[in-house]
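Below is data.cif, which holds mmCIF, N, CA, C and O atoms.
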```cif
data_target
#
loop_
_atom_site.label_atom_id
_atom_site.label_comp_id
_atom_site.auth_asym_id
_atom_site.auth_seq_id
_atom_site.Cartn_x
_atom_site.Cartn_y
_atom_site.Cartn_z
N MET L 158 10.63 26.85 -5.32
CA MET L 158 11.04 26.99 -3.93
C MET L 158 9.85 27.39 -3.05
O MET L 158 9.65 26.84 -1.98
N ARG L 159 9.10 28.39 -3.51
CA ARG L 159 7.96 28.85 -2.71
C ARG L 159 6.91 27.75 -2.59
O ARG L 159 6.26 27.64 -1.55
N PHE L 160 6.74 26.95 -3.65
CA PHE L 160 5.78 25.85 -3.58
C PHE L 160 6.16 24.87 -2.47
O PHE L 160 5.30 24.42 -1.72
N LEU L 161 7.44 24.55 -2.37
CA LEU L 161 7.91 23.65 -1.33
C LEU L 161 7.69 24.24 0.06
O LEU L 161 7.29 23.54 0.99
N LEU L 162 7.93 25.54 0.20
CA LEU L 162 7.70 26.19 1.49
C LEU L 162 6.22 26.18 1.87
O LEU L 162 5.87 25.96 3.03
N TRP L 163 5.34 26.41 0.90
CA TRP L 163 3.90 26.33 1.17
C TRP L 163 3.50 24.92 1.54
O TRP L 163 2.66 24.71 2.43
N LEU L 164 4.09 23.94 0.87
CA LEU L 164 3.80 22.54 1.18
C LEU L 164 4.26 22.19 2.60
O LEU L 164 3.53 21.54 3.35
N LEU L 165 5.44 22.64 2.98
CA LEU L 165 5.93 22.41 4.33
C LEU L 165 5.06 23.10 5.38
O LEU L 165 4.79 22.55 6.44
N LEU L 166 4.64 24.32 5.09
CA LEU L 166 3.79 25.04 6.02
C LEU L 166 2.47 24.30 6.23
O LEU L 166 2.03 24.11 7.38
N THR L 167 1.86 23.86 5.16
CA THR L 167 0.59 23.12 5.26
C THR L 167 0.78 21.80 5.99
O THR L 167 -0.02 21.44 6.86
N ALA L 168 1.84 21.09 5.66
CA ALA L 168 2.10 19.80 6.31
C ALA L 168 2.36 19.97 7.81
O ALA L 168 1.92 19.16 8.62
N SER L 169 3.07 21.04 8.18
CA SER L 169 3.36 21.24 9.60
C SER L 169 2.10 21.62 10.38
O SER L 169 1.93 21.19 11.52
N VAL L 170 1.22 22.40 9.77
CA VAL L 170 -0.05 22.73 10.44
C VAL L 170 -0.89 21.47 10.63
O VAL L 170 -1.41 21.21 11.71
N LEU L 171 -1.01 20.67 9.57
CA LEU L 171 -1.78 19.43 9.67
C LEU L 171 -1.13 18.45 10.65
O LEU L 171 -1.83 17.77 11.41
N GLY L 172 0.19 18.38 10.64
CA GLY L 172 0.89 17.52 11.59
C GLY L 172 0.69 17.96 13.03
O GLY L 172 0.50 17.13 13.92
N ASN L 173 0.71 19.26 13.25
CA ASN L 173 0.50 19.76 14.60
C ASN L 173 -0.93 19.50 15.07
O ASN L 173 -1.15 19.16 16.24
N VAL L 174 -1.89 19.64 14.19
CA VAL L 174 -3.28 19.32 14.55
C VAL L 174 -3.41 17.84 14.90
O VAL L 174 -4.04 17.48 15.89
N TYR L 175 -2.77 16.99 14.11
CA TYR L 175 -2.81 15.56 14.38
C TYR L 175 -2.16 15.23 15.73
O TYR L 175 -2.71 14.48 16.52
N VAL L 176 -1.00 15.81 15.98
CA VAL L 176 -0.29 15.54 17.24
C VAL L 176 -1.11 16.03 18.42
O VAL L 176 -1.20 15.38 19.47
N SER L 177 -1.76 17.18 18.27
CA SER L 177 -2.50 17.77 19.38
C SER L 177 -3.82 17.06 19.67
O SER L 177 -4.28 17.07 20.81
N THR L 178 -4.45 16.48 18.65
CA THR L 178 -5.79 15.94 18.86
C THR L 178 -5.88 14.42 18.78
O THR L 178 -6.59 13.82 19.58
N PHE L 179 -5.21 13.78 17.83
CA PHE L 179 -5.44 12.36 17.59
C PHE L 179 -4.32 11.44 18.06
O PHE L 179 -4.58 10.29 18.40
N ALA L 180 -3.11 11.91 18.09
CA ALA L 180 -1.98 11.04 18.42
C ALA L 180 -2.00 10.69 19.90
O ALA L 180 -2.20 11.54 20.75
N ASP L 181 -1.82 9.43 20.18
CA ASP L 181 -1.80 8.96 21.57
C ASP L 181 -0.33 8.83 22.00
O ASP L 181 0.24 7.76 22.01
N LEU L 182 0.28 9.98 22.32
CA LEU L 182 1.69 10.03 22.66
C LEU L 182 1.88 10.28 24.15
O LEU L 182 1.03 10.90 24.80
N THR L 183 3.01 9.81 24.67
CA THR L 183 3.35 10.12 26.05
C THR L 183 3.81 11.57 26.13
O THR L 183 3.94 12.25 25.13
N ALA L 184 4.08 12.04 27.32
CA ALA L 184 4.41 13.45 27.53
C ALA L 184 5.64 13.88 26.75
O ALA L 184 5.61 14.89 26.03
N ALA L 185 6.73 13.14 26.86
CA ALA L 185 7.97 13.53 26.18
C ALA L 185 7.82 13.44 24.66
O ALA L 185 8.30 14.31 23.93
N ALA L 186 7.16 12.41 24.17
CA ALA L 186 6.97 12.26 22.73
C ALA L 186 6.05 13.35 22.19
O ALA L 186 6.25 13.86 21.09
N HIS L 187 5.04 13.73 22.97
CA HIS L 187 4.13 14.78 22.55
C HIS L 187 4.86 16.12 22.45
O HIS L 187 4.67 16.87 21.48
N VAL L 188 5.69 16.42 23.42
CA VAL L 188 6.46 17.67 23.39
C VAL L 188 7.42 17.67 22.22
O VAL L 188 7.54 18.68 21.50
N THR L 189 8.10 16.57 21.99
CA THR L 189 9.06 16.47 20.89
C THR L 189 8.36 16.65 19.54
O THR L 189 8.86 17.38 18.67
N ALA L 190 7.22 16.01 19.37
CA ALA L 190 6.48 16.14 18.10
C ALA L 190 5.96 17.56 17.92
O ALA L 190 6.00 18.10 16.81
N SER L 191 5.48 18.18 18.98
CA SER L 191 4.98 19.55 18.88
C SER L 191 6.11 20.53 18.56
O SER L 191 5.93 21.44 17.75
N VAL L 192 7.25 20.36 19.20
CA VAL L 192 8.39 21.23 18.92
C VAL L 192 8.87 21.04 17.49
O VAL L 192 9.20 22.00 16.79
N GLY L 193 8.89 19.81 17.02
CA GLY L 193 9.32 19.53 15.64
C GLY L 193 8.41 20.16 14.61
O GLY L 193 8.87 20.82 13.67
N THR L 194 7.09 19.99 14.79
CA THR L 194 6.17 20.60 13.83
C THR L 194 6.18 22.12 13.94
O THR L 194 6.06 22.82 12.93
N GLY L 195 6.35 22.64 15.14
CA GLY L 195 6.44 24.09 15.30
C GLY L 195 7.68 24.68 14.66
O GLY L 195 7.63 25.76 14.07
N THR L 196 8.78 23.97 14.75
CA THR L 196 10.02 24.42 14.11
C THR L 196 9.87 24.47 12.59
O THR L 196 10.29 25.43 11.95
N VAL L 197 9.27 23.43 12.03
CA VAL L 197 9.05 23.41 10.58
C VAL L 197 8.10 24.52 10.18
O VAL L 197 8.30 25.21 9.17
N LEU L 198 7.06 24.75 10.97
CA LEU L 198 6.10 25.81 10.68
C LEU L 198 6.78 27.17 10.69
O LEU L 198 6.62 27.96 9.75
N LEU L 199 7.53 27.46 11.73
CA LEU L 199 8.21 28.76 11.80
C LEU L 199 9.26 28.92 10.70
O LEU L 199 9.38 29.99 10.10
N GLY L 200 10.00 27.87 10.42
CA GLY L 200 11.01 27.94 9.37
C GLY L 200 10.41 28.18 8.00
O GLY L 200 10.91 29.01 7.23
N SER L 201 9.32 27.50 7.69
CA SER L 201 8.69 27.71 6.39
C SER L 201 8.01 29.07 6.31
O SER L 201 8.03 29.72 5.26
N ALA L 202 7.44 29.54 7.40
CA ALA L 202 6.83 30.88 7.41
C ALA L 202 7.89 31.96 7.21
O ALA L 202 7.69 32.91 6.44
N ILE L 203 9.02 31.82 7.86
CA ILE L 203 10.11 32.79 7.69
C ILE L 203 10.66 32.72 6.27
O ILE L 203 10.94 33.75 5.64
N GLY L 204 10.79 31.51 5.73
CA GLY L 204 11.25 31.36 4.35
C GLY L 204 10.30 32.01 3.36
O GLY L 204 10.73 32.66 2.40
N LEU L 205 9.01 31.85 3.56
CA LEU L 205 8.03 32.50 2.69
C LEU L 205 8.11 34.01 2.81
O LEU L 205 7.99 34.74 1.84
N TRP L 206 8.30 34.50 4.03
CA TRP L 206 8.39 35.94 4.23
C TRP L 206 9.63 36.52 3.56
O TRP L 206 9.58 37.58 2.96
N LEU L 207 10.74 35.80 3.65
CA LEU L 207 11.97 36.29 3.04
C LEU L 207 11.94 36.22 1.51
O LEU L 207 12.65 36.99 0.85
N THR L 208 11.17 35.32 0.94
CA THR L 208 11.12 35.18 -0.51
C THR L 208 9.88 35.83 -1.12
O THR L 208 9.57 35.57 -2.28
N ARG L 209 9.20 36.66 -0.37
CA ARG L 209 7.98 37.29 -0.89
C ARG L 209 8.35 38.27 -2.00
O ARG L 209 9.42 38.87 -1.98
N PRO L 210 7.43 38.44 -2.95
CA PRO L 210 7.68 39.45 -3.98
C PRO L 210 7.56 40.84 -3.38
O PRO L 210 6.65 41.13 -2.62
N ARG L 211 8.49 41.69 -3.72
CA ARG L 211 8.50 43.03 -3.16
C ARG L 211 8.00 44.03 -4.18
O ARG L 211 8.45 44.03 -5.34
N ALA L 212 7.12 44.90 -3.75
CA ALA L 212 6.60 45.94 -4.64
C ALA L 212 7.59 47.10 -4.68
O ALA L 212 8.20 47.46 -3.68
N GLU L 213 7.76 47.67 -5.84
CA GLU L 213 8.66 48.82 -6.00
C GLU L 213 7.92 50.10 -5.64
O GLU L 213 6.78 50.28 -6.01
N ALA L 214 8.58 50.97 -4.92
CA ALA L 214 7.93 52.22 -4.49
C ALA L 214 7.98 53.27 -5.56
O ALA L 214 8.80 53.37 -6.39
#
```

Render the structure in this file as structure tokens.
Amino acid sequence: MRFLLWLLLTASVLGNVYVSTFADLTAAAHVTASVGTGTVLLGSAIGLWLTRPRAEA
């Protein structure tokens, strides 16, 4: 599960870089792609945070 979340996090960062720098998108398509990659990034980051190993006190 954590491997998949790390894979999604990496893919969303790379996708966002691509959308921001190389993709020749119109305004609405650019916003939609950025929101989509940002949503995946935040979701995978939250998933990783929730599934982190916890140290015992």

The distance between atom CA of L:Ile203 and atom CA of L:Ala186 is 25.6 Å

Taking 6 positions as the minimum chain separation for residues in the same chain, which residues sit within 12 Å of L:Gly193 when counting only C-alpha atoms? Answer as a list in words.
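Listing them by chain and then by number gives Ala168, Ser169, Val170, Gly172, Asn173, Val176, Ala186, His187, Leu199 and Gly200 of chain L.
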
Padding 3 Å on each side, edges along x, y and z: where is the centre of the box around the listed atoms of stretch 182-191 of chain L, and how long are its edges in Å to one decimal? Output it as AutoDock Vina command-line options.
```
--center_x 4.7 --center_y 15.6 --center_z 22.2 --size_x 14.8 --size_y 17.6 --size_z 16.7
```

Alpha helix (DSSP H) positions in chain L, given as a PyMOL selection string: chain L and resi 159-178+184-207

If the PyMOL selection byres ((chain L and resi 162) around 7) were run on this exact file, what residues would it hold? Put them as a list in words.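 On the file shown, the PyMOL selection byres ((chain L and resi 162) around 7) covers Met158, Arg159, Phe160, Leu161, Trp163, Leu164, Leu165, Leu166, Thr167, Ala168, Val197, Ser201, Ala202, Gly204 and Leu205 of chain L.
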
Atom C of L:Leu171 to atom N of L:Arg211 measures 29.0 Å

Requested in this report: Quick one: pull the distance between atom CA of L:Thr208 and atom O of L:Thr196, Å, one decimal.
Outcome: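 Atom-to-atom, atom CA of L:Thr208 and atom O of L:Thr196 are spaced 15.8 Å apart.
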